[in-house]
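Asker: Just so it is clear, I am handing over model.txt, which has compact mmCIF, C-alpha atoms (C1' of nucleotides).
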# COMPACT_ATOMS: atom_id res chain seq x y z
CA MET A 17 0.00 0.00 0.00
CA GLY A 18 2.39 2.68 1.17
CA LEU A 19 -0.59 4.90 1.82
CA ALA A 20 -1.34 6.24 5.28
CA LYS A 21 -5.03 6.10 6.18
CA THR A 22 -5.13 9.66 7.43
CA GLU A 23 -8.91 9.84 7.55
CA MET A 24 -9.08 7.58 10.58
CA PHE A 25 -6.92 9.83 12.74
CA THR A 26 -7.48 13.19 14.37
CA ASP A 27 -6.28 16.43 12.80
CA LEU A 28 -3.74 16.79 15.57
CA GLN A 29 -2.36 13.30 15.04
CA ASN A 30 -2.01 13.98 11.33
CA GLU A 31 -0.42 17.36 11.97
CA ILE A 32 2.16 15.88 14.34
CA ALA A 33 2.92 13.14 11.83
CA LEU A 34 3.38 15.64 8.99
CA PHE A 35 5.79 17.77 10.97
CA ALA A 36 7.67 14.72 12.19
CA LYS A 37 7.88 13.28 8.71
CA VAL A 38 9.67 16.35 7.39
CA PHE A 39 12.24 15.96 10.16
CA GLY A 40 12.53 12.29 9.31
CA HIS A 41 15.41 12.77 6.89
CA PRO A 42 18.91 13.78 8.01
CA ALA A 43 19.36 16.10 5.02
CA ARG A 44 16.42 18.22 6.10
CA VAL A 45 17.65 18.19 9.68
CA ALA A 46 21.04 19.37 8.44
CA ILE A 47 19.48 22.09 6.28
CA LEU A 48 17.49 23.44 9.21
CA GLN A 49 20.45 23.31 11.57
CA HIS A 50 22.51 25.23 9.04
CA LEU A 51 19.83 27.87 8.58
CA PHE A 52 19.76 28.30 12.35
CA LYS A 53 23.53 28.51 12.59
CA ILE A 54 24.29 30.90 9.76
CA ASN A 55 23.57 34.49 10.65
CA SER A 56 22.62 35.52 7.18
CA CYS A 57 20.26 33.56 5.03
CA VAL A 58 21.64 30.91 2.76
CA CYS A 59 20.92 29.89 -0.76
CA GLY A 60 22.83 27.29 -2.72
CA ASP A 61 25.60 27.23 -0.18
CA LEU A 62 23.51 24.40 1.18
CA VAL A 63 24.47 22.31 -1.80
CA ASN A 64 28.14 22.70 -0.83
CA GLU A 65 27.53 22.48 2.90
CA ILE A 66 25.52 19.28 2.63
CA GLY A 67 26.91 16.79 0.16
CA LEU A 68 23.89 16.20 -2.02
CA ALA A 69 23.21 17.23 -5.61
CA GLN A 70 21.46 20.48 -6.34
CA PRO A 71 18.14 18.98 -7.45
CA THR A 72 18.04 16.89 -4.30
CA ILE A 73 18.60 19.87 -2.03
CA SER A 74 16.05 21.84 -3.98
CA GLN A 75 13.53 19.11 -3.42
CA HIS A 76 14.16 19.00 0.32
CA LEU A 77 13.86 22.78 0.49
CA LYS A 78 10.55 22.56 -1.31
CA GLU A 79 9.16 20.21 1.30
CA LEU A 80 10.32 22.41 4.14
CA LYS A 81 8.80 25.42 2.42
CA HIS A 82 5.58 23.57 1.73
CA LEU A 83 5.12 22.95 5.44
CA GLY A 84 5.88 26.61 6.08
CA LEU A 85 8.97 26.02 8.18
CA ILE A 86 11.24 28.08 5.92
CA LYS A 87 10.75 30.90 3.46
CA GLY A 88 12.74 31.78 0.39
CA ASN A 89 13.47 35.08 -1.27
CA VAL A 90 14.82 35.52 -4.77
CA GLU A 91 17.90 37.71 -4.86
CA GLY A 92 19.18 38.06 -8.36
CA THR A 93 20.01 34.63 -9.64
CA SER A 94 20.20 33.05 -6.21
CA VAL A 95 17.51 32.30 -3.66
CA CYS A 96 17.87 33.12 -0.01
CA TYR A 97 16.27 30.79 2.50
CA CYS A 98 15.64 31.24 6.19
CA ILE A 99 13.58 29.88 9.03
CA HIS A 100 9.98 31.05 9.15
CA LYS A 101 10.03 32.08 12.79
CA GLU A 102 6.32 32.32 13.48
CA ASN A 103 5.55 28.98 11.89
CA TRP A 104 8.53 27.35 13.55
CA THR A 105 7.30 28.55 16.93
CA ALA A 106 3.81 27.24 16.24
CA MET A 107 5.17 23.88 15.13
CA LYS A 108 7.37 23.72 18.21
CA GLU A 109 4.32 24.23 20.39
CA VAL A 110 2.54 21.28 18.80
CA MET A 111 5.53 18.96 18.93
CA THR A 112 6.51 19.93 22.46
CA GLN A 113 3.05 19.14 23.75
CA PHE A 114 3.28 15.73 22.16
CA LEU A 115 6.71 15.07 23.62
CA ASN A 116 5.78 16.35 27.08
CA GLN A 117 2.89 14.03 27.75
CA ASP A 118 2.74 13.12 31.41
CA LEU A 119 5.01 10.26 32.40
CA THR A 120 4.51 10.51 36.15
CA GLN A 121 0.88 9.41 36.15
CA ASN A 122 1.13 5.68 35.70
CA PRO A 123 3.36 3.30 37.53
CA ASP A 124 5.56 1.16 35.35
CA CYS A 125 3.69 -1.93 34.34
CA CYS A 126 6.14 -3.87 32.22
CA MET B 15 16.69 5.82 -4.98
CA GLY B 16 14.63 5.94 -1.84
CA LEU B 17 17.79 5.51 0.18
CA ALA B 18 18.96 8.15 2.64
CA LYS B 19 22.71 8.77 2.47
CA THR B 20 23.17 8.59 6.21
CA GLU B 21 26.95 8.40 6.05
CA MET B 22 27.24 12.04 5.06
CA PHE B 23 25.46 13.32 8.14
CA THR B 24 26.38 13.53 11.79
CA ASP B 25 25.26 10.96 14.34
CA LEU B 26 23.01 13.54 15.93
CA GLN B 27 21.37 14.44 12.63
CA ASN B 28 20.71 10.78 11.93
CA GLU B 29 19.42 10.21 15.44
CA ILE B 30 16.98 13.11 15.19
CA ALA B 31 15.82 11.86 11.80
CA LEU B 32 15.26 8.34 13.12
CA PHE B 33 13.18 9.53 16.04
CA ALA B 34 11.23 11.91 13.85
CA LYS B 35 10.60 9.23 11.28
CA VAL B 36 8.89 6.99 13.78
CA PHE B 37 6.58 9.86 14.68
CA GLY B 38 5.97 10.46 11.00
CA HIS B 39 2.92 8.23 10.84
CA PRO B 40 -0.39 9.12 12.51
CA ALA B 41 -0.98 5.51 13.60
CA ARG B 42 2.19 5.53 15.68
CA VAL B 43 1.31 8.92 17.09
CA ALA B 44 -2.10 7.55 18.04
CA ILE B 45 -0.59 4.44 19.63
CA LEU B 46 1.75 6.53 21.75
CA GLN B 47 -0.97 8.95 22.78
CA HIS B 48 -3.13 6.02 23.82
CA LEU B 49 -0.35 4.44 25.84
CA PHE B 50 0.10 7.77 27.62
CA LYS B 51 -3.61 8.14 28.26
CA ILE B 52 -4.48 4.69 29.50
CA ASN B 53 -3.51 4.15 33.09
CA SER B 54 -2.83 0.49 32.73
CA CYS B 55 -0.77 -0.96 29.93
CA VAL B 56 -2.52 -1.97 26.77
CA CYS B 57 -2.19 -4.94 24.49
CA GLY B 58 -4.43 -5.64 21.52
CA ASP B 59 -6.97 -3.07 22.62
CA LEU B 60 -4.95 -0.90 20.30
CA VAL B 61 -6.32 -2.82 17.36
CA ASN B 62 -9.84 -1.82 18.41
CA GLU B 63 -8.90 1.67 19.52
CA ILE B 64 -7.13 2.48 16.27
CA GLY B 65 -8.91 1.24 13.17
CA LEU B 66 -6.14 -0.77 11.53
CA ALA B 67 -5.75 -4.51 11.11
CA GLN B 68 -3.88 -6.51 13.70
CA PRO B 69 -0.78 -7.18 11.60
CA THR B 70 -0.51 -3.50 10.81
CA ILE B 71 -0.66 -2.46 14.46
CA SER B 72 1.81 -5.18 15.31
CA GLN B 73 4.21 -3.80 12.75
CA HIS B 74 3.94 -0.25 14.09
CA LEU B 75 4.48 -1.53 17.62
CA LYS B 76 7.57 -3.32 16.43
CA GLU B 77 9.06 -0.11 15.08
CA LEU B 78 8.33 1.77 18.27
CA LYS B 79 9.86 -1.04 20.29
CA HIS B 80 12.88 -1.20 18.02
CA LEU B 81 13.64 2.44 18.76
CA GLY B 82 13.18 1.71 22.44
CA LEU B 83 10.27 4.07 22.98
CA ILE B 84 7.95 1.35 24.25
CA LYS B 85 8.39 -1.99 25.95
CA GLY B 86 6.18 -5.05 25.84
CA ASN B 87 5.52 -7.76 28.35
CA VAL B 88 3.90 -11.08 27.61
CA GLU B 89 0.99 -11.81 29.92
CA GLY B 90 -0.57 -15.12 29.08
CA THR B 91 -1.78 -14.95 25.53
CA SER B 92 -1.77 -11.18 25.35
CA VAL B 93 1.07 -8.69 25.30
CA CYS B 94 1.14 -5.58 27.41
CA TYR B 95 2.80 -2.49 26.00
CA CYS B 96 3.80 0.70 27.69
CA ILE B 97 6.03 3.73 27.28
CA HIS B 98 9.69 3.16 28.08
CA LYS B 99 10.03 6.16 30.36
CA GLU B 100 13.81 6.47 30.50
CA ASN B 101 14.20 6.19 26.75
CA TRP B 102 11.30 8.52 26.11
CA THR B 103 12.92 11.13 28.34
CA ALA B 104 16.24 10.75 26.56
CA MET B 105 14.58 11.06 23.17
CA LYS B 106 12.65 14.11 24.36
CA GLU B 107 15.92 15.75 25.34
CA VAL B 108 17.37 15.27 21.86
CA MET B 109 14.26 16.43 20.04
CA THR B 110 13.68 19.39 22.32
CA GLN B 111 17.19 20.68 21.75
CA PHE B 112 16.59 20.48 18.03
CA LEU B 113 13.27 22.29 18.27
CA ASN B 114 14.60 24.95 20.62
CA GLN B 115 17.40 26.26 18.46
CA ASP B 116 17.82 29.98 18.95
CA LEU B 117 15.48 32.11 16.86
CA THR B 118 16.33 35.45 18.42
CA GLN B 119 19.86 35.64 17.09
CA ASN B 120 19.35 36.61 13.48
CA PRO B 121 17.14 39.34 12.15
CA ASP B 122 14.62 38.25 9.59
CA CYS B 123 16.19 38.35 6.18
CA CYS B 124 13.42 37.29 3.84
C1' DA C 9 22.32 39.22 -28.33
C1' DC C 10 25.37 35.97 -25.91
C1' DT C 11 27.16 33.67 -22.10
C1' DA C 12 27.42 32.33 -17.34
C1' DT C 13 25.20 31.44 -13.00
C1' DT C 14 21.69 29.82 -10.08
C1' DA C 15 17.92 27.22 -8.87
C1' DA C 16 13.47 24.87 -10.11
C1' DT C 17 11.34 21.13 -12.59
C1' DC C 18 10.95 16.78 -15.20
C1' DG C 19 11.79 12.06 -15.79
C1' DT C 20 13.29 7.95 -14.04
C1' DA C 21 15.60 4.25 -11.30
C1' DA C 22 16.24 2.29 -6.82
C1' DT C 23 14.57 1.60 -2.45
C1' DA C 24 11.29 2.19 1.55
C1' DT C 25 6.82 2.24 3.63
C1' DT C 26 2.15 0.90 4.43
C1' DG C 27 -1.54 -2.33 4.84
C1' DC C 28 -3.53 -6.71 5.06
C1' DA C 29 -4.70 -11.81 4.16
C1' DA C 30 -2.77 -15.97 5.40
C1' DT C 31 -0.17 -18.43 8.38
C1' DG C 32 2.37 -19.69 12.48
C1' DA C 33 3.67 -19.73 17.45
C1' DA C 34 2.52 -19.58 22.22
C1' DC C 35 -0.47 -19.90 25.69
C1' DT C 36 -5.28 -21.09 28.08
C1' DA C 37 -9.28 -23.62 29.05
C1' DA C 38 -12.11 -27.46 28.63
C1' DT D 25 -5.81 -33.55 23.32
C1' DT D 26 -8.67 -30.18 21.13
C1' DA D 27 -10.32 -25.79 20.36
C1' DG D 28 -10.00 -20.92 21.10
C1' DT D 29 -7.43 -16.63 21.89
C1' DT D 30 -3.83 -13.41 21.06
C1' DC D 31 -0.14 -11.68 18.78
C1' DA D 32 4.04 -12.09 15.59
C1' DT D 33 5.68 -13.15 11.05
C1' DT D 34 5.53 -13.90 6.11
C1' DG D 35 4.46 -12.60 1.54
C1' DC D 36 2.79 -9.50 -1.48
C1' DA D 37 0.56 -5.40 -3.85
C1' DA D 38 0.14 -0.46 -3.93
C1' DT D 39 2.14 3.72 -3.06
C1' DA D 40 5.80 7.00 -1.36
C1' DT D 41 10.42 8.62 -0.94
C1' DT D 42 15.04 9.61 -2.30
C1' DA D 43 18.54 10.82 -5.48
C1' DC D 44 20.25 12.65 -9.61
C1' DG D 45 21.05 13.60 -14.80
C1' DA D 46 19.04 16.45 -18.07
C1' DT D 47 16.56 20.28 -19.01
C1' DT D 48 14.32 24.65 -18.34
C1' DA D 49 13.59 29.40 -16.50
C1' DA D 50 15.22 33.54 -14.76
C1' DT D 51 18.53 36.84 -14.00
C1' DA D 52 23.19 39.24 -14.47
C1' DG D 53 27.17 40.71 -16.81
C1' DT D 54 29.53 41.64 -21.07
Show me this structure written as structure tokens.
Answerer:
Amino acid sequence: MGLAKTEMFTDLQNEIALFAKVFGHPARVAILQHLFKINSCVCGDLVNEIGLAQPTISQHLKELKHLGLIKGNVEGTSVCYCIHKENWTAMKEVMTQFLNQDLTQNPDCC
Amino acid sequence: MGLAKTEMFTDLQNEIALFAKVFGHPARVAILQHLFKINSCVCGDLVNEIGLAQPTISQHLKELKHLGLIKGNVEGTSVCYCIHKENWTAMKEVMTQFLNQDLTQNPDCC
DNA sequence: ACTATTAATCGTAATATTGCAATGAACTAA
DNA sequence: TTAGTTCATTGCAATATTACGATTAATAGT
């Protein structure tokens, strides 16, 4: 199949899964880390920084942009990318709530 | 290809990606949320709770167990699953650091 | 206009993921 | 032992993802 049955889950569950999925590839993790690290926005330096071909990086950037986590600005022939701060913060809120579910409630059973 | 070139990324980047990947499916998100919610540990109630077939749930549980996020105990004919608290906390630490990268540093560029 | 540069898109091959029917393994109860 | 229950595993079909060469589109410089 390879097809997630999203209709049987809540909006929140699907939202968490979508965000998590985009972090589920080390290249996208590396791209985001680099965008956080570099003071100015970066364009195709990412292709050199990360060792993947230009079309591959472009594809990963597209996915990140599609989820709203980064934004890109055309500057001449190059494109400048950076973190979309508001959306990142909103995403962080959702993911943090998921990660911080209460562990103290139940005694260990297994 | 369909094959992530993990060797060109850091251990941390790969670790984040692996954790994120397992959260990248709503069924696994739902399973974890249910394990957090239910006071006692759950076995095949998950099959009823979530609307997927038994082999499918079993496969998702296997992935969660493989990453160490849950543990399972055989109890007669049924198997009791619950969150692996120590590992969950360790994972949360890694993911939280990734999510909490500093946004205040750079001015918006785009 | 011509060329170079940069990045998106297209097309395609290789691999991974998802879902389930069928089966198997382990235990329980009679 | 036999039958029933529960869950894991196997095998397979459908779909998704990843990666990149080739091409295209847009801009800049000459």
Asker: Superimpose chain A on chain B so that the squared distances between all in-order C-alpha pairs are minimised, and send the result as a PDB file with C-alpha atoms, in the frame of the given file.
Answerer:
ATOM      1  CA  MET A  17      16.732   5.631  -4.964  1.00  0.00           C
ATOM      2  CA  GLY A  18      14.642   5.867  -1.827  1.00  0.00           C
ATOM      3  CA  LEU A  19      17.808   5.452   0.182  1.00  0.00           C
ATOM      4  CA  ALA A  20      18.966   8.108   2.619  1.00  0.00           C
ATOM      5  CA  LYS A  21      22.707   8.760   2.467  1.00  0.00           C
ATOM      6  CA  THR A  22      23.155   8.584   6.211  1.00  0.00           C
ATOM      7  CA  GLU A  23      26.933   8.389   6.062  1.00  0.00           C
ATOM      8  CA  MET A  24      27.241  12.025   5.063  1.00  0.00           C
ATOM      9  CA  PHE A  25      25.444  13.323   8.142  1.00  0.00           C
ATOM     10  CA  THR A  26      26.372  13.544  11.796  1.00  0.00           C
ATOM     11  CA  ASP A  27      25.242  10.959  14.335  1.00  0.00           C
ATOM     12  CA  LEU A  28      23.003  13.550  15.924  1.00  0.00           C
ATOM     13  CA  GLN A  29      21.356  14.448  12.631  1.00  0.00           C
ATOM     14  CA  ASN A  30      20.703  10.782  11.935  1.00  0.00           C
ATOM     15  CA  GLU A  31      19.403  10.215  15.449  1.00  0.00           C
ATOM     16  CA  ILE A  32      16.967  13.124  15.193  1.00  0.00           C
ATOM     17  CA  ALA A  33      15.798  11.870  11.810  1.00  0.00           C
ATOM     18  CA  LEU A  34      15.236   8.338  13.128  1.00  0.00           C
ATOM     19  CA  PHE A  35      13.166   9.530  16.054  1.00  0.00           C
ATOM     20  CA  ALA A  36      11.215  11.915  13.856  1.00  0.00           C
ATOM     21  CA  LYS A  37      10.586   9.244  11.269  1.00  0.00           C
ATOM     22  CA  VAL A  38       8.883   6.991  13.798  1.00  0.00           C
ATOM     23  CA  PHE A  39       6.565   9.863  14.696  1.00  0.00           C
ATOM     24  CA  GLY A  40       5.959  10.463  11.015  1.00  0.00           C
ATOM     25  CA  HIS A  41       2.901   8.226  10.847  1.00  0.00           C
ATOM     26  CA  PRO A  42      -0.405   9.108  12.525  1.00  0.00           C
ATOM     27  CA  ALA A  43      -0.983   5.503  13.621  1.00  0.00           C
ATOM     28  CA  ARG A  44       2.177   5.527  15.699  1.00  0.00           C
ATOM     29  CA  VAL A  45       1.290   8.930  17.099  1.00  0.00           C
ATOM     30  CA  ALA A  46      -2.118   7.557  18.060  1.00  0.00           C
ATOM     31  CA  ILE A  47      -0.595   4.445  19.638  1.00  0.00           C
ATOM     32  CA  LEU A  48       1.746   6.528  21.771  1.00  0.00           C
ATOM     33  CA  GLN A  49      -0.981   8.949  22.797  1.00  0.00           C
ATOM     34  CA  HIS A  50      -3.141   6.021  23.844  1.00  0.00           C
ATOM     35  CA  LEU A  51      -0.351   4.442  25.864  1.00  0.00           C
ATOM     36  CA  PHE A  52       0.101   7.767  27.636  1.00  0.00           C
ATOM     37  CA  LYS A  53      -3.608   8.150  28.277  1.00  0.00           C
ATOM     38  CA  ILE A  54      -4.474   4.687  29.525  1.00  0.00           C
ATOM     39  CA  ASN A  55      -3.442   4.127  33.106  1.00  0.00           C
ATOM     40  CA  SER A  56      -2.758   0.471  32.698  1.00  0.00           C
ATOM     41  CA  CYS A  57      -0.743  -0.939  29.872  1.00  0.00           C
ATOM     42  CA  VAL A  58      -2.499  -1.965  26.719  1.00  0.00           C
ATOM     43  CA  CYS A  59      -2.181  -4.889  24.417  1.00  0.00           C
ATOM     44  CA  GLY A  60      -4.432  -5.613  21.475  1.00  0.00           C
ATOM     45  CA  ASP A  61      -6.949  -3.064  22.613  1.00  0.00           C
ATOM     46  CA  LEU A  62      -4.928  -0.883  20.292  1.00  0.00           C
ATOM     47  CA  VAL A  63      -6.298  -2.801  17.358  1.00  0.00           C
ATOM     48  CA  ASN A  64      -9.827  -1.816  18.423  1.00  0.00           C
ATOM     49  CA  GLU A  65      -8.885   1.680  19.528  1.00  0.00           C
ATOM     50  CA  ILE A  66      -7.121   2.496  16.275  1.00  0.00           C
ATOM     51  CA  GLY A  67      -8.896   1.225  13.198  1.00  0.00           C
ATOM     52  CA  LEU A  68      -6.139  -0.764  11.566  1.00  0.00           C
ATOM     53  CA  ALA A  69      -5.735  -4.515  11.140  1.00  0.00           C
ATOM     54  CA  GLN A  70      -3.854  -6.513  13.715  1.00  0.00           C
ATOM     55  CA  PRO A  71      -0.758  -7.192  11.604  1.00  0.00           C
ATOM     56  CA  THR A  72      -0.497  -3.503  10.813  1.00  0.00           C
ATOM     57  CA  ILE A  73      -0.647  -2.477  14.456  1.00  0.00           C
ATOM     58  CA  SER A  74       1.831  -5.178  15.323  1.00  0.00           C
ATOM     59  CA  GLN A  75       4.210  -3.801  12.761  1.00  0.00           C
ATOM     60  CA  HIS A  76       3.929  -0.258  14.089  1.00  0.00           C
ATOM     61  CA  LEU A  77       4.488  -1.529  17.622  1.00  0.00           C
ATOM     62  CA  LYS A  78       7.593  -3.323  16.444  1.00  0.00           C
ATOM     63  CA  GLU A  79       9.067  -0.118  15.092  1.00  0.00           C
ATOM     64  CA  LEU A  80       8.325   1.764  18.279  1.00  0.00           C
ATOM     65  CA  LYS A  81       9.868  -1.046  20.290  1.00  0.00           C
ATOM     66  CA  HIS A  82      12.882  -1.200  18.019  1.00  0.00           C
ATOM     67  CA  LEU A  83      13.648   2.437  18.760  1.00  0.00           C
ATOM     68  CA  GLY A  84      13.191   1.713  22.454  1.00  0.00           C
ATOM     69  CA  LEU A  85      10.280   4.073  22.971  1.00  0.00           C
ATOM     70  CA  ILE A  86       7.946   1.357  24.267  1.00  0.00           C
ATOM     71  CA  LYS A  87       8.385  -2.003  25.930  1.00  0.00           C
ATOM     72  CA  GLY A  88       6.176  -5.047  25.809  1.00  0.00           C
ATOM     73  CA  ASN A  89       5.509  -7.768  28.326  1.00  0.00           C
ATOM     74  CA  VAL A  90       3.867 -11.086  27.580  1.00  0.00           C
ATOM     75  CA  GLU A  91       0.941 -11.791  29.867  1.00  0.00           C
ATOM     76  CA  GLY A  92      -0.638 -15.080  29.031  1.00  0.00           C
ATOM     77  CA  THR A  93      -1.805 -14.934  25.466  1.00  0.00           C
ATOM     78  CA  SER A  94      -1.774 -11.158  25.278  1.00  0.00           C
ATOM     79  CA  VAL A  95       1.090  -8.688  25.262  1.00  0.00           C
ATOM     80  CA  CYS A  96       1.129  -5.592  27.391  1.00  0.00           C
ATOM     81  CA  TYR A  97       2.803  -2.501  26.002  1.00  0.00           C
ATOM     82  CA  CYS A  98       3.806   0.708  27.709  1.00  0.00           C
ATOM     83  CA  ILE A  99       6.031   3.713  27.294  1.00  0.00           C
ATOM     84  CA  HIS A 100       9.695   3.160  28.079  1.00  0.00           C
ATOM     85  CA  LYS A 101      10.055   6.149  30.370  1.00  0.00           C
ATOM     86  CA  GLU A 102      13.821   6.463  30.492  1.00  0.00           C
ATOM     87  CA  ASN A 103      14.219   6.188  26.744  1.00  0.00           C
ATOM     88  CA  TRP A 104      11.309   8.521  26.127  1.00  0.00           C
ATOM     89  CA  THR A 105      12.927  11.125  28.358  1.00  0.00           C
ATOM     90  CA  ALA A 106      16.244  10.753  26.561  1.00  0.00           C
ATOM     91  CA  MET A 107      14.570  11.064  23.174  1.00  0.00           C
ATOM     92  CA  LYS A 108      12.664  14.115  24.363  1.00  0.00           C
ATOM     93  CA  GLU A 109      15.933  15.749  25.343  1.00  0.00           C
ATOM     94  CA  VAL A 110      17.360  15.264  21.861  1.00  0.00           C
ATOM     95  CA  MET A 111      14.251  16.439  20.045  1.00  0.00           C
ATOM     96  CA  THR A 112      13.673  19.407  22.329  1.00  0.00           C
ATOM     97  CA  GLN A 113      17.180  20.677  21.741  1.00  0.00           C
ATOM     98  CA  PHE A 114      16.581  20.491  18.024  1.00  0.00           C
ATOM     99  CA  LEU A 115      13.268  22.305  18.274  1.00  0.00           C
ATOM    100  CA  ASN A 116      14.600  24.973  20.638  1.00  0.00           C
ATOM    101  CA  GLN A 117      17.384  26.275  18.460  1.00  0.00           C
ATOM    102  CA  ASP A 118      17.818  29.993  18.944  1.00  0.00           C
ATOM    103  CA  LEU A 119      15.470  32.119  16.875  1.00  0.00           C
ATOM    104  CA  THR A 120      16.336  35.466  18.432  1.00  0.00           C
ATOM    105  CA  GLN A 121      19.871  35.646  17.069  1.00  0.00           C
ATOM    106  CA  ASN A 122      19.338  36.635  13.475  1.00  0.00           C
ATOM    107  CA  PRO A 123      17.140  39.358  12.154  1.00  0.00           C
ATOM    108  CA  ASP A 124      14.611  38.277   9.584  1.00  0.00           C
ATOM    109  CA  CYS A 125      16.173  38.375   6.176  1.00  0.00           C
ATOM    110  CA  CYS A 126      13.413  37.291   3.837  1.00  0.00           C
TER     111      CYS A 126
END
Asker: Could the residues of chain B within 10 Å of chain C, counting all atoms listed in the file, be given as a PyMOL selection string, please?
Answerer: chain B and resi 15-18+39+66-71+73-74+89-92
Asker: State, in Å with one decimal place, the distance from CA of Asp27 (chain A) to CA of Leu46 (chain B).
Answerer: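 Going from CA of Asp27 (chain A) over to CA of Leu46 (chain B), I get 15.6 Å.
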Asker: Extract, using all atoms listed in the file, all DNA, RNA and protein residues at most 9 Å from region 32-36 of chain B, discarding same-chain residues fewer than 2 positions from it, and format them as a VMD selection string.
Answerer: (chain A and resid 33 35 to 42) or (chain B and resid 27 to 30 38 to 39 42 to 43 74 77 to 78 81 105 109)
Asker: Can you work out which residues from chain D touch chain A at a cut-off of 7 Å (counting all atoms listed in the file) and hand them back as an NGL selection string?
Answerer: :D and (37-40 or 43-44 or 51)
Asker: May I have the protein, DNA and RNA residues with an atom at most 10 Å from (11.3, 6.5, 31.5), counting only C-alpha atoms (C1' of nucleotides) in the file's coordinates, returned as a list in words?
Answerer: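 These residues have at least one counted atom within 10 Å: Leu119, Thr120 and Asp124 of chain A; Leu83, Ile84, Ile97, His98, Lys99, Glu100, Asn101, Trp102, Thr103 and Ala104 of chain B.
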Asker: What does the distance between CA of Thr20 (chain B) and CA of Val63 (chain A) come to in Å, to one decimal place?
Answerer: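 Taking CA of Thr20 (chain B) and CA of Val63 (chain A), their separation equals 15.9 Å.
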Asker: Find the axis-aligned box for region 31-47 of chain D, covering all its listed atoms and adding 3 Å on each side, and write its centre and edge lengths in Å to one decimal as lines of an AutoDock Vina configuration file.
Answerer:
center_x = 10.5
center_y = 3.2
center_z = -0.1
size_x = 27.2
size_y = 40.2
size_z = 43.8
Asker: Distance CA of Cys59 (chain A)-CA of Cys96 (chain A), one decimal place?
Answerer: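 Going from CA of Cys59 (chain A) over to CA of Cys96 (chain A), I get 4.5 Å.
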Asker: A:Leu62, A:Cys57, A:Cys98, A:Leu51: which is nearest Gln115 (chain B), counting only C-alpha atoms?
Answerer: A:Leu51
Asker: Counting all atoms listed in the file, figure out which residue out of B:Val108, B:Leu75, B:Gly65, B:His48 gets nearest to chain A.
Answerer: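 Among B:Val108, B:Leu75, B:Gly65, B:His48, it is B:Gly65 that comes nearest to chain A.
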Asker: Mind writing region 68-82 of chain B to a file for me, with N, CA and C atoms, as a compact mmCIF listing (two decimals), in the first residue's frame?
Answerer:
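After the write, selection22.txt holds the following:
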# COMPACT_ATOMS: atom_id res chain seq x y z
N GLN B 68 -4.81 -6.05 12.67
CA GLN B 68 -3.88 -6.51 13.70
C GLN B 68 -2.44 -6.60 13.22
N PRO B 69 -2.19 -7.14 12.04
CA PRO B 69 -0.78 -7.18 11.60
C PRO B 69 -0.18 -5.79 11.43
N THR B 70 -1.01 -4.86 11.02
CA THR B 70 -0.51 -3.50 10.81
C THR B 70 -0.11 -2.86 12.14
N ILE B 71 -0.98 -3.00 13.13
CA ILE B 71 -0.66 -2.46 14.46
C ILE B 71 0.59 -3.13 14.99
N SER B 72 0.66 -4.42 14.82
CA SER B 72 1.81 -5.18 15.31
C SER B 72 3.12 -4.66 14.71
N GLN B 73 3.04 -4.31 13.44
CA GLN B 73 4.21 -3.80 12.75
C GLN B 73 4.62 -2.43 13.30
N HIS B 74 3.64 -1.57 13.52
CA HIS B 74 3.94 -0.25 14.09
C HIS B 74 4.52 -0.38 15.49
N LEU B 75 3.96 -1.31 16.27
CA LEU B 75 4.48 -1.53 17.62
C LEU B 75 5.93 -1.99 17.57
N LYS B 76 6.21 -2.81 16.59
CA LYS B 76 7.57 -3.32 16.43
C LYS B 76 8.57 -2.19 16.19
N GLU B 77 8.17 -1.24 15.37
CA GLU B 77 9.06 -0.11 15.08
C GLU B 77 9.28 0.75 16.31
N LEU B 78 8.20 0.97 17.05
CA LEU B 78 8.33 1.77 18.27
C LEU B 78 9.21 1.06 19.29
N LYS B 79 9.06 -0.25 19.35
CA LYS B 79 9.86 -1.04 20.29
C LYS B 79 11.32 -1.06 19.85
N HIS B 80 11.52 -1.15 18.55
CA HIS B 80 12.88 -1.20 18.02
C HIS B 80 13.67 0.05 18.37
N LEU B 81 12.98 1.19 18.38
CA LEU B 81 13.64 2.44 18.76
C LEU B 81 13.73 2.61 20.27
N GLY B 82 13.09 1.67 20.99
CA GLY B 82 13.18 1.71 22.44
C GLY B 82 12.17 2.60 23.12
